[in-house]
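Visitor: Next up, input.pdb (PDB, C-alpha atoms and all ligand atoms).
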```
MODEL        1
ATOM      1  CA  MET A 268      21.184  46.601 117.688  1.00  0.00           C
ATOM      2  CA  ALA A 269      19.135  43.610 116.675  1.00  0.00           C
ATOM      3  CA  LEU A 270      16.397  44.431 114.249  1.00  0.00           C
ATOM      4  CA  ILE A 271      13.314  42.335 113.745  1.00  0.00           C
ATOM      5  CA  ASP A 272      11.427  43.225 110.606  1.00  0.00           C
ATOM      6  CA  LEU A 273       8.022  41.596 110.972  1.00  0.00           C
ATOM      7  CA  SER A 274       6.741  42.597 107.525  1.00  0.00           C
ATOM      8  CA  ARG A 275       9.765  41.120 105.743  1.00  0.00           C
ATOM      9  CA  ARG A 276      10.154  38.392 108.353  1.00  0.00           C
ATOM     10  CA  GLU A 277      13.835  39.081 108.918  1.00  0.00           C
ATOM     11  CA  ILE A 278      15.939  38.986 112.068  1.00  0.00           C
ATOM     12  CA  HIS A 279      19.199  40.961 111.978  1.00  0.00           C
ATOM     13  CA  CYS A 280      21.831  40.288 114.641  1.00  0.00           C
ATOM     14  CA  LYS A 281      25.281  41.683 115.323  1.00  0.00           C
ATOM     15  CA  ILE A 282      28.027  39.361 116.542  1.00  0.00           C
ATOM     16  CA  VAL A 283      31.402  40.795 117.546  1.00  0.00           C
ATOM     17  CA  TYR A 284      34.689  38.883 117.649  1.00  0.00           C
ATOM     18  CA  TYR A 285      36.621  40.426 120.536  1.00  0.00           C
ATOM     19  CA  GLY A 286      40.075  39.681 121.946  1.00  0.00           C
ATOM     20  CA  PRO A 287      43.656  40.894 122.209  1.00  0.00           C
ATOM     21  CA  GLY A 288      45.775  41.986 119.257  1.00  0.00           C
ATOM     22  CA  ARG A 289      46.892  39.187 116.940  1.00  0.00           C
ATOM     23  CA  CYS A 290      44.740  36.502 118.589  1.00  0.00           C
ATOM     24  CA  GLY A 291      43.127  35.581 115.253  1.00  0.00           C
ATOM     25  CA  LYS A 292      39.820  37.469 114.987  1.00  0.00           C
ATOM     26  CA  THR A 293      40.271  38.597 111.389  1.00  0.00           C
ATOM     27  CA  THR A 294      41.562  35.111 110.506  1.00  0.00           C
ATOM     28  CA  ASN A 295      38.201  33.649 111.662  1.00  0.00           C
ATOM     29  CA  LEU A 296      36.263  35.994 109.350  1.00  0.00           C
ATOM     30  CA  ILE A 297      38.557  35.364 106.391  1.00  0.00           C
ATOM     31  CA  TYR A 298      38.133  31.606 106.802  1.00  0.00           C
ATOM     32  CA  ILE A 299      34.337  31.939 107.016  1.00  0.00           C
ATOM     33  CA  TYR A 300      34.288  34.231 103.992  1.00  0.00           C
ATOM     34  CA  ASN A 301      36.376  31.849 101.899  1.00  0.00           C
ATOM     35  CA  ALA A 302      34.396  28.774 102.940  1.00  0.00           C
ATOM     36  CA  MET A 303      30.921  30.161 102.271  1.00  0.00           C
ATOM     37  CA  GLY A 304      29.165  30.432  98.946  1.00  0.00           C
ATOM     38  CA  ASP A 305      27.962  33.686  97.401  1.00  0.00           C
ATOM     39  CA  LYS A 306      24.355  32.981  98.419  1.00  0.00           C
ATOM     40  CA  THR A 307      25.258  32.890 102.085  1.00  0.00           C
ATOM     41  CA  ARG A 308      27.849  35.580 102.401  1.00  0.00           C
ATOM     42  CA  GLY A 309      27.818  39.236 101.558  1.00  0.00           C
ATOM     43  CA  LYS A 310      30.858  41.325 100.752  1.00  0.00           C
ATOM     44  CA  MET A 311      33.542  41.322 103.399  1.00  0.00           C
ATOM     45  CA  LEU A 312      34.425  44.819 104.349  1.00  0.00           C
ATOM     46  CA  THR A 313      37.746  45.600 105.949  1.00  0.00           C
ATOM     47  CA  ILE A 314      37.973  49.163 107.157  1.00  0.00           C
ATOM     48  CA  GLU A 315      41.609  50.198 107.390  1.00  0.00           C
ATOM     49  CA  THR A 316      44.398  47.801 108.034  1.00  0.00           C
ATOM     50  CA  LYS A 317      48.115  48.184 108.487  1.00  0.00           C
ATOM     51  CA  GLY A 318      49.830  45.000 107.424  1.00  0.00           C
ATOM     52  CA  ASP A 319      47.531  42.396 108.932  1.00  0.00           C
ATOM     53  CA  ARG A 320      46.505  44.576 111.872  1.00  0.00           C
ATOM     54  CA  THR A 321      42.915  45.746 112.014  1.00  0.00           C
ATOM     55  CA  LEU A 322      42.803  49.486 112.649  1.00  0.00           C
ATOM     56  CA  PHE A 323      39.050  49.970 112.599  1.00  0.00           C
ATOM     57  CA  PHE A 324      36.975  46.857 112.006  1.00  0.00           C
ATOM     58  CA  ASP A 325      36.108  44.001 109.657  1.00  0.00           C
ATOM     59  CA  LEU A 326      32.512  43.264 108.724  1.00  0.00           C
ATOM     60  CA  LEU A 327      31.083  40.142 107.136  1.00  0.00           C
ATOM     61  CA  PRO A 328      27.307  39.877 106.524  1.00  0.00           C
ATOM     62  CA  LEU A 329      25.832  36.349 106.373  1.00  0.00           C
ATOM     63  CA  ASN A 330      22.407  34.955 105.526  1.00  0.00           C
ATOM     64  CA  LEU A 331      21.977  31.897 107.683  1.00  0.00           C
ATOM     65  CA  GLY A 332      18.677  30.661 106.275  1.00  0.00           C
ATOM     66  CA  LYS A 333      15.323  30.492 108.007  1.00  0.00           C
ATOM     67  CA  VAL A 334      14.316  29.865 111.607  1.00  0.00           C
ATOM     68  CA  LYS A 335      10.557  29.602 112.223  1.00  0.00           C
ATOM     69  CA  GLY A 336       9.845  31.431 108.961  1.00  0.00           C
ATOM     70  CA  PHE A 337      12.259  34.294 109.660  1.00  0.00           C
ATOM     71  CA  ASP A 338      15.322  34.977 107.503  1.00  0.00           C
ATOM     72  CA  ILE A 339      18.356  35.138 109.750  1.00  0.00           C
ATOM     73  CA  ARG A 340      20.825  37.864 108.768  1.00  0.00           C
ATOM     74  CA  ILE A 341      23.969  38.076 110.811  1.00  0.00           C
ATOM     75  CA  GLN A 342      26.693  40.662 110.737  1.00  0.00           C
ATOM     76  CA  LEU A 343      30.074  39.523 112.011  1.00  0.00           C
ATOM     77  CA  TYR A 344      32.435  42.243 113.207  1.00  0.00           C
ATOM     78  CA  THR A 345      35.974  42.169 114.562  1.00  0.00           C
ATOM     79  CA  VAL A 346      37.456  44.818 116.807  1.00  0.00           C
ATOM     80  CA  PRO A 347      41.049  46.051 116.585  1.00  0.00           C
ATOM     81  CA  GLY A 348      42.773  44.196 119.432  1.00  0.00           C
ATOM     82  CA  GLN A 349      45.746  46.467 119.975  1.00  0.00           C
ATOM     83  CA  THR A 350      45.464  48.240 123.338  1.00  0.00           C
ATOM     84  CA  ILE A 351      45.592  51.768 121.882  1.00  0.00           C
ATOM     85  CA  TYR A 352      42.355  51.338 119.909  1.00  0.00           C
ATOM     86  CA  GLU A 353      40.133  51.300 122.964  1.00  0.00           C
ATOM     87  CA  ALA A 354      37.725  53.954 121.688  1.00  0.00           C
ATOM     88  CA  THR A 355      37.206  52.079 118.415  1.00  0.00           C
ATOM     89  CA  ARG A 356      36.539  48.793 120.214  1.00  0.00           C
ATOM     90  CA  LYS A 357      33.836  50.475 122.242  1.00  0.00           C
ATOM     91  CA  LEU A 358      32.286  51.937 119.101  1.00  0.00           C
ATOM     92  CA  VAL A 359      32.241  48.566 117.316  1.00  0.00           C
ATOM     93  CA  LEU A 360      30.460  47.013 120.326  1.00  0.00           C
ATOM     94  CA  LYS A 361      27.515  49.389 120.003  1.00  0.00           C
ATOM     95  CA  GLY A 362      24.342  47.371 119.495  1.00  0.00           C
ATOM     96  CA  VAL A 363      26.086  44.011 119.909  1.00  0.00           C
ATOM     97  CA  ASP A 364      23.844  40.949 120.327  1.00  0.00           C
ATOM     98  CA  GLY A 365      26.460  38.218 120.802  1.00  0.00           C
ATOM     99  CA  ILE A 366      30.192  37.922 121.403  1.00  0.00           C
ATOM    100  CA  VAL A 367      32.966  35.493 120.558  1.00  0.00           C
ATOM    101  CA  PHE A 368      35.924  36.166 122.809  1.00  0.00           C
ATOM    102  CA  VAL A 369      38.988  34.867 120.980  1.00  0.00           C
ATOM    103  CA  ALA A 370      41.891  34.094 123.319  1.00  0.00           C
ATOM    104  CA  ASP A 371      45.454  33.478 122.211  1.00  0.00           C
ATOM    105  CA  SER A 372      47.012  30.199 123.368  1.00  0.00           C
ATOM    106  CA  LEU A 373      50.521  31.671 123.337  1.00  0.00           C
ATOM    107  CA  LYS A 374      51.921  31.929 126.845  1.00  0.00           C
ATOM    108  CA  VAL A 375      53.318  35.407 126.152  1.00  0.00           C
ATOM    109  CA  ARG A 376      49.744  36.603 125.569  1.00  0.00           C
ATOM    110  CA  GLN A 377      48.380  35.375 128.905  1.00  0.00           C
ATOM    111  CA  THR A 378      48.163  38.850 130.433  1.00  0.00           C
ATOM    112  CA  LYS A 379      46.809  40.397 127.216  1.00  0.00           C
ATOM    113  CA  ASN A 380      43.979  37.836 127.144  1.00  0.00           C
ATOM    114  CA  LYS A 381      42.930  38.730 130.669  1.00  0.00           C
ATOM    115  CA  GLU A 382      43.230  42.473 130.053  1.00  0.00           C
ATOM    116  CA  SER A 383      41.121  42.184 126.924  1.00  0.00           C
ATOM    117  CA  LEU A 384      38.346  40.347 128.774  1.00  0.00           C
ATOM    118  CA  GLU A 385      38.310  43.085 131.422  1.00  0.00           C
ATOM    119  CA  ASP A 386      38.226  45.690 128.654  1.00  0.00           C
ATOM    120  CA  LEU A 387      35.233  43.881 127.103  1.00  0.00           C
ATOM    121  CA  LYS A 388      33.340  43.861 130.410  1.00  0.00           C
ATOM    122  CA  LYS A 389      33.996  47.557 130.903  1.00  0.00           C
ATOM    123  CA  ASN A 390      32.938  48.481 127.375  1.00  0.00           C
ATOM    124  CA  LEU A 391      29.750  46.423 127.664  1.00  0.00           C
ATOM    125  CA  GLN A 392      28.900  48.170 130.925  1.00  0.00           C
ATOM    126  CA  ALA A 393      29.136  51.492 129.120  1.00  0.00           C
ATOM    127  CA  TYR A 394      26.163  50.288 127.008  1.00  0.00           C
ATOM    128  CA  ALA A 395      24.388  48.911 130.084  1.00  0.00           C
ATOM    129  CA  LEU A 396      25.046  45.350 128.935  1.00  0.00           C
ATOM    130  CA  ASP A 397      26.010  42.625 131.367  1.00  0.00           C
ATOM    131  CA  ILE A 398      28.546  40.045 130.232  1.00  0.00           C
ATOM    132  CA  MET A 399      26.616  37.468 132.272  1.00  0.00           C
ATOM    133  CA  GLU A 400      23.429  38.091 130.273  1.00  0.00           C
ATOM    134  CA  ILE A 401      24.465  38.670 126.681  1.00  0.00           C
ATOM    135  CA  PRO A 402      25.500  35.506 124.745  1.00  0.00           C
ATOM    136  CA  VAL A 403      29.286  35.089 125.016  1.00  0.00           C
ATOM    137  CA  ILE A 404      31.385  32.114 124.047  1.00  0.00           C
ATOM    138  CA  LEU A 405      35.129  31.585 124.201  1.00  0.00           C
ATOM    139  CA  GLN A 406      37.423  30.421 121.454  1.00  0.00           C
ATOM    140  CA  TYR A 407      40.886  29.240 122.509  1.00  0.00           C
ATOM    141  CA  ASN A 408      42.800  29.840 119.303  1.00  0.00           C
ATOM    142  CA  LYS A 409      46.192  28.750 117.941  1.00  0.00           C
ATOM    143  CA  ARG A 410      45.931  25.246 119.407  1.00  0.00           C
ATOM    144  CA  ASP A 411      48.046  24.101 116.431  1.00  0.00           C
ATOM    145  CA  LEU A 412      51.022  25.572 118.309  1.00  0.00           C
ATOM    146  CA  VAL A 413      50.565  23.348 121.366  1.00  0.00           C
ATOM    147  CA  ASN A 414      53.036  20.764 120.129  1.00  0.00           C
ATOM    148  CA  SER A 415      55.502  23.331 118.785  1.00  0.00           C
ATOM    149  CA  PRO A 416      58.578  24.610 120.676  1.00  0.00           C
ATOM    150  CA  ILE A 417      56.725  27.883 121.399  1.00  0.00           C
ATOM    151  CA  PRO A 418      55.368  27.942 124.992  1.00  0.00           C
ATOM    152  CA  THR A 419      51.562  27.733 125.066  1.00  0.00           C
ATOM    153  CA  LEU A 420      48.845  27.792 127.694  1.00  0.00           C
ATOM    154  CA  THR A 421      46.987  24.637 128.674  1.00  0.00           C
ATOM    155  CA  ILE A 422      43.188  24.513 128.440  1.00  0.00           C
ATOM    156  CA  ASP A 423      43.109  24.420 132.248  1.00  0.00           C
ATOM    157  CA  GLU A 424      45.123  27.629 132.418  1.00  0.00           C
ATOM    158  CA  LEU A 425      42.890  29.347 129.860  1.00  0.00           C
ATOM    159  CA  GLN A 426      39.782  28.179 131.711  1.00  0.00           C
ATOM    160  CA  GLN A 427      41.220  29.407 134.987  1.00  0.00           C
ATOM    161  CA  ASP A 428      42.103  32.812 133.532  1.00  0.00           C
ATOM    162  CA  LEU A 429      39.012  33.478 131.423  1.00  0.00           C
ATOM    163  CA  ASN A 430      36.100  31.206 132.199  1.00  0.00           C
ATOM    164  CA  GLN A 431      35.829  31.117 135.985  1.00  0.00           C
ATOM    165  CA  GLU A 432      33.096  33.721 136.149  1.00  0.00           C
ATOM    166  CA  LEU A 433      31.485  33.225 132.752  1.00  0.00           C
ATOM    167  CA  GLN A 434      31.248  29.426 132.907  1.00  0.00           C
ATOM    168  CA  THR A 435      30.431  29.428 129.229  1.00  0.00           C
ATOM    169  CA  THR A 436      31.078  27.101 126.305  1.00  0.00           C
ATOM    170  CA  TYR A 437      34.565  27.164 124.833  1.00  0.00           C
ATOM    171  CA  PHE A 438      35.952  25.857 121.565  1.00  0.00           C
ATOM    172  CA  GLU A 439      39.529  24.922 120.807  1.00  0.00           C
ATOM    173  CA  ALA A 440      40.535  26.335 117.442  1.00  0.00           C
ATOM    174  CA  ALA A 441      43.287  26.782 114.916  1.00  0.00           C
ATOM    175  CA  ALA A 442      41.596  29.502 112.881  1.00  0.00           C
ATOM    176  CA  VAL A 443      44.427  29.644 110.398  1.00  0.00           C
ATOM    177  CA  LYS A 444      43.537  26.054 109.412  1.00  0.00           C
ATOM    178  CA  GLY A 445      39.806  26.534 109.888  1.00  0.00           C
ATOM    179  CA  ILE A 446      39.684  24.200 112.878  1.00  0.00           C
ATOM    180  CA  GLY A 447      36.934  25.179 115.311  1.00  0.00           C
ATOM    181  CA  VAL A 448      35.874  28.199 113.242  1.00  0.00           C
ATOM    182  CA  PHE A 449      32.449  26.935 112.155  1.00  0.00           C
ATOM    183  CA  GLU A 450      31.781  25.208 115.478  1.00  0.00           C
ATOM    184  CA  THR A 451      32.274  28.609 117.131  1.00  0.00           C
ATOM    185  CA  LEU A 452      30.143  30.449 114.576  1.00  0.00           C
ATOM    186  CA  LYS A 453      27.321  27.916 114.781  1.00  0.00           C
ATOM    187  CA  GLU A 454      27.109  28.045 118.560  1.00  0.00           C
ATOM    188  CA  ILE A 455      27.226  31.830 118.876  1.00  0.00           C
ATOM    189  CA  SER A 456      24.698  32.253 116.059  1.00  0.00           C
ATOM    190  CA  LYS A 457      22.291  29.824 117.702  1.00  0.00           C
ATOM    191  CA  ARG A 458      22.552  31.514 121.078  1.00  0.00           C
ATOM    192  CA  THR A 459      22.346  35.013 119.649  1.00  0.00           C
ATOM    193  CA  VAL A 460      19.245  34.344 117.547  1.00  0.00           C
ATOM    194  CA  ARG A 461      17.554  32.723 120.537  1.00  0.00           C
ATOM    195  CA  TYR A 462      18.493  35.688 122.755  1.00  0.00           C
ATOM    196  CA  VAL A 463      17.317  38.285 120.241  1.00  0.00           C
ATOM    197  CA  ALA A 464      14.055  36.464 119.562  1.00  0.00           C
ATOM    198  CA  GLN A 465      13.287  36.090 123.273  1.00  0.00           C
ATOM    199  CA  LYS A 466      14.130  39.685 123.999  1.00  0.00           C
ATOM    200  CA  HIS A 467      12.360  41.335 121.085  1.00  0.00           C
ATOM    201  CA  LEU A 468       9.587  38.987 120.031  1.00  0.00           C
ATOM    202  CA  LEU A 469       8.550  37.477 123.328  1.00  0.00           C
ATOM    203  CA  GLY A 470       9.496  40.499 125.424  1.00  0.00           C
ATOM    204  CA  LYS A 471      11.338  38.341 127.960  1.00  0.00           C
TER     205      LYS A 471
HETATM  206  N1  LIG A 501      49.640  29.396 114.280  1.00  0.00           N
HETATM  207  C1  LIG A 501      48.499  30.085 114.208  1.00  0.00           C
HETATM  208  N2  LIG A 501      48.504  31.364 113.800  1.00  0.00           N
HETATM  209  C2  LIG A 501      47.309  32.007 113.723  1.00  0.00           C
HETATM  210  C3  LIG A 501      46.081  31.372 114.033  1.00  0.00           C
HETATM  211  N3  LIG A 501      45.076  32.268 113.863  1.00  0.00           N
HETATM  212  C4  LIG A 501      45.663  33.399 113.435  1.00  0.00           C
HETATM  213  N4  LIG A 501      47.008  33.257 113.346  1.00  0.00           N
HETATM  214  C5  LIG A 501      47.990  34.245 112.908  1.00  0.00           C
HETATM  215  O1  LIG A 501      48.064  35.291 113.855  1.00  0.00           O
HETATM  216  C6  LIG A 501      48.295  36.545 113.209  1.00  0.00           C
HETATM  217  C7  LIG A 501      47.243  37.559 113.612  1.00  0.00           C
HETATM  218  O2  LIG A 501      45.969  37.111 113.139  1.00  0.00           O
HETATM  219  P1  LIG A 501      44.758  38.133 112.902  1.00  0.00           P
HETATM  220  O3  LIG A 501      43.574  37.324 112.538  1.00  0.00           O
HETATM  221  O4  LIG A 501      45.156  39.229 111.980  1.00  0.00           O
HETATM  222  O5  LIG A 501      44.608  38.721 114.359  1.00  0.00           O
HETATM  223  P2  LIG A 501      43.569  39.792 114.885  1.00  0.00           P
HETATM  224  O6  LIG A 501      43.001  39.227 116.147  1.00  0.00           O
HETATM  225  O7  LIG A 501      42.590  40.182 113.838  1.00  0.00           O
HETATM  226  O8  LIG A 501      44.549  41.020 115.248  1.00  0.00           O
HETATM  227  P3  LIG A 501      44.200  42.585 115.355  1.00  0.00           P
HETATM  228  O9  LIG A 501      43.525  42.976 114.073  1.00  0.00           O
HETATM  229  O10 LIG A 501      45.491  43.287 115.561  1.00  0.00           O
HETATM  230  O11 LIG A 501      43.300  42.751 116.547  1.00  0.00           O
HETATM  231  C8  LIG A 501      48.310  36.263 111.702  1.00  0.00           C
HETATM  232  O12 LIG A 501      49.646  36.142 111.291  1.00  0.00           O
HETATM  233  C9  LIG A 501      47.575  34.927 111.600  1.00  0.00           C
HETATM  234  O13 LIG A 501      47.962  34.162 110.494  1.00  0.00           O
HETATM  235  C10 LIG A 501      46.115  30.002 114.447  1.00  0.00           C
HETATM  236  O14 LIG A 501      45.111  29.343 114.721  1.00  0.00           O
HETATM  237  N5  LIG A 501      47.358  29.422 114.524  1.00  0.00           N
HETATM  238 MG    MG A 502      42.128  41.955 112.938  1.00  0.00          MG
ENDMDL
END
```
When written as structure tokens, how does the structure in this file appear?
Ligand SMILES: Nc1nc2c(ncn2[C@@H]2O[C@H](COP(=O)(O)OP(=O)(O)OP(=O)(O)O)[C@@H](O)[C@H]2O)c(=O)[nH]1
Ligand SMILES: [Mg+2]

Guide:
Amino acid sequence: MALIDLSRREIHCKIVYYGPGRCGKTTNLIYIYNAMGDKTRGKMLTIETKGDRTLFFDLLPLNLGKVKGFDIRIQLYTVPGQTIYEATRKLVLKGVDGIVFVADSLKVRQTKNKESLEDLKKNLQAYALDIMEIPVILQYNKRDLVNSPIPTLTIDELQQDLNQELQTTYFEAAAVKGIGVFETLKEISKRTVRYVAQKHLLGK
């Protein structure tokens, strides 16, 4: 849940990276962690992993400077994408203020992408949150594989599968190389802070 501390002039927001298993959520956080200085980032916390699979969640706190005199503190979380961890995904979403849905460009993951988006909608509903109201942006990851022999989805196919209803901003990314990672973070942070401020400060 967003927290606005008027006496300390701080705004705290929670952003969750959601998406199917192996789409690159943890890779986004690792890149951000490695690229940011100690003043900006807190300690990255990874709660349980098996190999490179997230079993519970990752958490990266960031201080993004000041907006209108308020210190902006953001917590980035990832969910475990593997289908069996449904209960954990729901738990991690509690109090979410903004979402990056990371989709995998691999053709073999087409169904998993769509299932994960449906799973997100359902889990948001359980907290009385509407995917059409909360800030959500899409990241089409692994675009570095487009010119490889591995079959990949086109942007049109990804848009058709995932962005028909949402009609939201998307970023092409290759998180493993850092491409599109900060563009995604910047946009979701901007939208989330605006959303939280409007909701909590202006009562809109
Ligand atoms: N080629 C390529 N590989 C990527 C990219 N992003 C991530 N990967 C690889 O995909 C694998 C899974 O990445 P993770 O970041 O662990 O995926 P995740 O979404 O956190 O997966 P779960 O924790 O199981 O939900 C790793 O081997 C990454 O190196 C990318 O942009 N391009
Ligand atoms: Mg992970």

Visitor: Taking all atoms listed in the file into account, which of A:Thr435, A:Thr459, A:Asn414, A:Asn430 comes nearest ligand LIG 501 (chain A)?

Guide: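 Closest to ligand LIG 501 (chain A) of all the choices is A:Asn414.
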
Visitor: Quote the spacing between atom O9 of ligand LIG 501 (chain A) and atom CA of A:Ile339 in Å to one decimal place.

Guide: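 Going from atom O9 of ligand LIG 501 (chain A) over to atom CA of A:Ile339 covers 26.7 Å.
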
Visitor: Please find the residues contacting ligand LIG 501 (chain A) at a distance of at most 8 Å between atoms, with all atoms listed in the file counted, and report them as an MDAnalysis selection string.

Guide: chainID A and resid 285:295 316 319:322 324 345:349 369 408:412 440:446

Visitor: Spell out the residues picked by the PyMOL selection byres (((chain A and resi 450) around 12) and not hetatm) here, as a list of chain:residue names.

Guide: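 This file gives the following for the PyMOL selection byres (((chain A and resi 450) around 12) and not hetatm): A:Asn295, A:Ile299, A:Val367, A:Ile404, A:Leu405, A:Gln406, A:Thr436, A:Tyr437, A:Phe438, A:Glu439, A:Ala440, A:Ala441, A:Ala442, A:Gly445, A:Ile446, A:Gly447, A:Val448, A:Phe449, A:Thr451, A:Leu452, A:Lys453, A:Glu454, A:Ile455, A:Ser456, A:Lys457.
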
Visitor: Where does the PyMOL selection byres (((chain A and resi 270) around 9) and not hetatm) land in this file, that is, which residues does it pick, as a PDB file with C-alpha atoms, in the frame of the given file?

Guide:
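The result, stored in result03.pdb:
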```pdb
ATOM      1  CA  MET A 268      21.184  46.601 117.688  1.00  0.00           C
ATOM      2  CA  ALA A 269      19.135  43.610 116.675  1.00  0.00           C
ATOM      3  CA  ILE A 271      13.314  42.335 113.745  1.00  0.00           C
ATOM      4  CA  ASP A 272      11.427  43.225 110.606  1.00  0.00           C
ATOM      5  CA  GLU A 277      13.835  39.081 108.918  1.00  0.00           C
ATOM      6  CA  ILE A 278      15.939  38.986 112.068  1.00  0.00           C
ATOM      7  CA  HIS A 279      19.199  40.961 111.978  1.00  0.00           C
ATOM      8  CA  CYS A 280      21.831  40.288 114.641  1.00  0.00           C
ATOM      9  CA  VAL A 463      17.317  38.285 120.241  1.00  0.00           C
ATOM     10  CA  HIS A 467      12.360  41.335 121.085  1.00  0.00           C
TER      11      HIS A 467
END
```

Visitor: Have a look at atom CA of A:Ile401 and atom CA of A:Asp364 and let me know their distance in Å, one decimal.

Guide: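 Interatomic distance here is 6.8 Å.
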
Visitor: Which residue out of A:Val413, A:Leu358, A:Met303, A:Met311 has the minimum interatomic distance to A:Asp325 when all atoms listed in the file are used?

Guide: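 Going through A:Val413, A:Leu358, A:Met303, A:Met311 one by one, the smallest distance to A:Asp325 is for A:Met311.
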